[in-house]
Amino acid sequence: ERNSIFGSTGAANLAQKRSTGGPPKKLVIKPFKEKPQLPKDFEEITWAKLQEAVMAVHSKKPVACSLEELYRAVEDMCVHKKAGTLYTKLQQLCDLRAGERVKGLHGRAADPVVFLALMDQTWQEHCEQTLMIRSIFLYLDRTFVIQTGGVRSIWDLGLELFRNHFETGQEISRKCVAGLLVLIEKERLGDSIDRTLMKSLLRMFSSLGMYHDVFEKPFIQQTTNFYCAEAERLVLSADVPEYLRHCERRFQEENQRCKDYLDNTTRKGLVSVVEKQLLERHTAAVLEKGFHTLMLENRVEDLNRMYILLSRVGKLEGMRMALAGFVKKVGAELIMDEEKEA
């Protein structure tokens, strides 16, 4: 009974306080008397940790710190407005390594074909390491780089640094292109080549923005020379059906080459060169040498192939004139035979 009385009295007092109480107290947050300061060696210590990680990646050694710890270190630098300095230091460090990597190819493997494997290995390592470094500096890439005009992403920076040294060492780029052209000619002559290696290196030229100027121009010139010599040889030695089948096969091979490892933008120029050298320049010789025989022997399949191929190079008018000449000649011979019989 006593507990119930006290309980009732306490509840009444609490209700009275709630109904008649004053305004709630405000929470006041006072500033620090002194602004917090970064440790004097914050930037040096943080960069030393990140530099050690980048150098470990470049040396293909285990990184001492966890990826999360390194990410936080980069975030701290950016939050404390050290992003610009961090980016510059990273650029200088990666530039030094890219220069060492490309310089290490000088004087390696006199055979340009053997050199291609070394070049591809160097390129693959550079790409893998750049991706790893980007993952460490991801916060920098997603804040400072995006917010600052004229600053390349870490991936694009890696490509630019590699290209700068690759272009400077002209011996290396020339040897690489020479090896690629040798392999393509070998394939055209019937040998098997490593198409995966070809594709990887040509993608390298594309990624570096060097494909059209450094590779494609000499490639098109080599293609012109190759098919010019081949056409002049075969027009004389092969019969017309054989030559037409050869042209058809060459077009298929070059189309497949574009699918396998060449850049798709090369297709138009490549096909144009092959058509000109194999067909356009020799249309008259092919028609003169074989059209009459094909008509006499009723070689419908070969005539159809001739029609399709000549239509590719806009030379059907030549075929039409050859047909008109054939009709006149055969008609004249029939008339002469009838007159003789008469």
# chains A, B, ... in the order shown; residues from 1 in each chain; ligands from 1
$ select_by_dssp --residues "segment 88-167 of chain A" --states "helix (DSSP H, G or I)" --output "PyMOL selection string"
chain A and resi 88-103+112-136+138-142+144-147+154-167
$ closest_residue --among "A:Met204, A:Leu183, A:Ala324, A:Ile193" --to "Phe219 of chain A" --atoms "only C-alpha atoms"
A:Leu183
$ closest_residue --among "A:Val57, A:Leu323, A:Leu140, A:Cys247" --to "Leu294 of chain A" --atoms "only C-alpha atoms"
A:Leu323
$ residues_around --residues "segment 260-271 of chain A" --least-positions-apart "2" --cutoff "10 Å" --atoms "only C-alpha atoms" --output "JSON, numbers by chain"
{"A": [195, 196, 197, 198, 199, 200, 201, 202, 203, 205, 206, 211, 212, 216, 217, 219, 220, 221, 223, 224, 250, 251, 252, 254, 255, 256, 257, 258, 273, 274, 275, 276]}
$ residues_around --residues "Leu118 of chain A" --least-positions-apart "4" --cutoff "8 Å" --atoms "only C-alpha atoms" --output "PyMOL selection string"
chain A and resi 105+114+122
$ closest_residue --among "A:Glu68, A:Glu333, A:Glu52, A:Glu301" --to "Ser135 of chain A" --atoms "only C-alpha atoms"
A:Glu68
$ closest_residue --among "A:Arg97, A:Lys60, A:Lys175, A:Lys26" --to "Val113 of chain A" --atoms "only C-alpha atoms"
A:Lys175
$ closest_residue --among "A:Asp239, A:Leu161, A:Gly179, A:Trp155" --to "Gln92 of chain A" --atoms "only C-alpha atoms"
A:Leu161
$ residues_around --residues "Glu75 of chain A" --least-positions-apart "3" --cutoff "12 Å" --atoms "only C-alpha atoms" --output "list in words"
Thr46, Trp47, Leu50, Glu68, Glu69, Leu70, Tyr71, Arg72, Cys78, Val79, His80, Lys81, Lys82, Ala83, Leu86, Ile136, Phe137, Leu138, Tyr139, Leu140, Asp141, Arg142, Thr143 and Phe144 of chain A
$ write_last_selection --atoms "N, CA and C atoms" --output "compact mmCIF listing (two decimals), in the first residue's frame"
# COMPACT_ATOMS: atom_id res chain seq x y z
N THR A 46 53.79 10.52 -45.02
CA THR A 46 52.74 9.91 -45.86
C THR A 46 53.26 9.62 -47.26
N TRP A 47 54.00 10.56 -47.84
CA TRP A 47 54.54 10.32 -49.18
C TRP A 47 55.57 9.19 -49.17
N LEU A 50 53.69 6.02 -49.41
CA LEU A 50 53.14 5.82 -50.75
C LEU A 50 54.24 5.56 -51.77
N GLU A 68 43.97 -0.84 -48.27
CA GLU A 68 43.08 0.07 -47.54
C GLU A 68 43.89 1.17 -46.83
N GLU A 69 45.02 0.77 -46.23
CA GLU A 69 45.87 1.74 -45.54
C GLU A 69 46.43 2.77 -46.51
N LEU A 70 46.85 2.30 -47.66
CA LEU A 70 47.40 3.21 -48.67
C LEU A 70 46.31 4.13 -49.22
N TYR A 71 45.10 3.59 -49.42
CA TYR A 71 43.98 4.40 -49.89
C TYR A 71 43.69 5.53 -48.89
N ARG A 72 43.71 5.20 -47.59
CA ARG A 72 43.46 6.19 -46.56
C ARG A 72 44.55 7.26 -46.54
N CYS A 78 44.74 14.29 -49.77
CA CYS A 78 43.79 15.09 -50.55
C CYS A 78 42.92 15.98 -49.65
N VAL A 79 42.46 15.42 -48.54
CA VAL A 79 41.62 16.17 -47.61
C VAL A 79 42.36 17.37 -47.04
N HIS A 80 43.65 17.20 -46.85
CA HIS A 80 44.46 18.28 -46.28
C HIS A 80 45.15 19.11 -47.37
N LYS A 81 44.52 19.11 -48.56
CA LYS A 81 44.91 19.99 -49.66
C LYS A 81 46.35 19.78 -50.13
N LYS A 82 46.76 18.53 -50.16
CA LYS A 82 48.08 18.18 -50.67
C LYS A 82 47.96 17.40 -51.99
N ALA A 83 46.77 17.44 -52.61
CA ALA A 83 46.53 16.62 -53.80
C ALA A 83 47.43 17.02 -54.96
N LEU A 86 50.87 15.78 -54.37
CA LEU A 86 50.87 14.32 -54.47
C LEU A 86 50.88 13.88 -55.94
N ILE A 136 45.63 2.23 -55.92
CA ILE A 136 46.15 2.85 -54.70
C ILE A 136 45.75 4.32 -54.62
N PHE A 137 45.85 5.02 -55.75
CA PHE A 137 45.59 6.45 -55.80
C PHE A 137 44.19 6.75 -56.35
N LEU A 138 43.26 5.83 -56.10
CA LEU A 138 41.91 5.97 -56.66
C LEU A 138 41.21 7.23 -56.14
N TYR A 139 41.41 7.55 -54.87
CA TYR A 139 40.77 8.75 -54.31
C TYR A 139 41.28 10.01 -55.02
N LEU A 140 42.56 10.06 -55.30
CA LEU A 140 43.14 11.18 -56.04
C LEU A 140 42.55 11.26 -57.43
N ASP A 141 42.38 10.09 -58.06
CA ASP A 141 41.86 10.02 -59.43
C ASP A 141 40.41 10.50 -59.50
N ARG A 142 39.65 10.24 -58.43
CA ARG A 142 38.21 10.55 -58.44
C ARG A 142 37.87 11.92 -57.86
N THR A 143 38.85 12.59 -57.33
CA THR A 143 38.59 13.92 -56.77
C THR A 143 39.42 14.98 -57.48
N PHE A 144 40.69 15.01 -57.20
CA PHE A 144 41.56 16.06 -57.75
C PHE A 144 41.58 16.05 -59.27
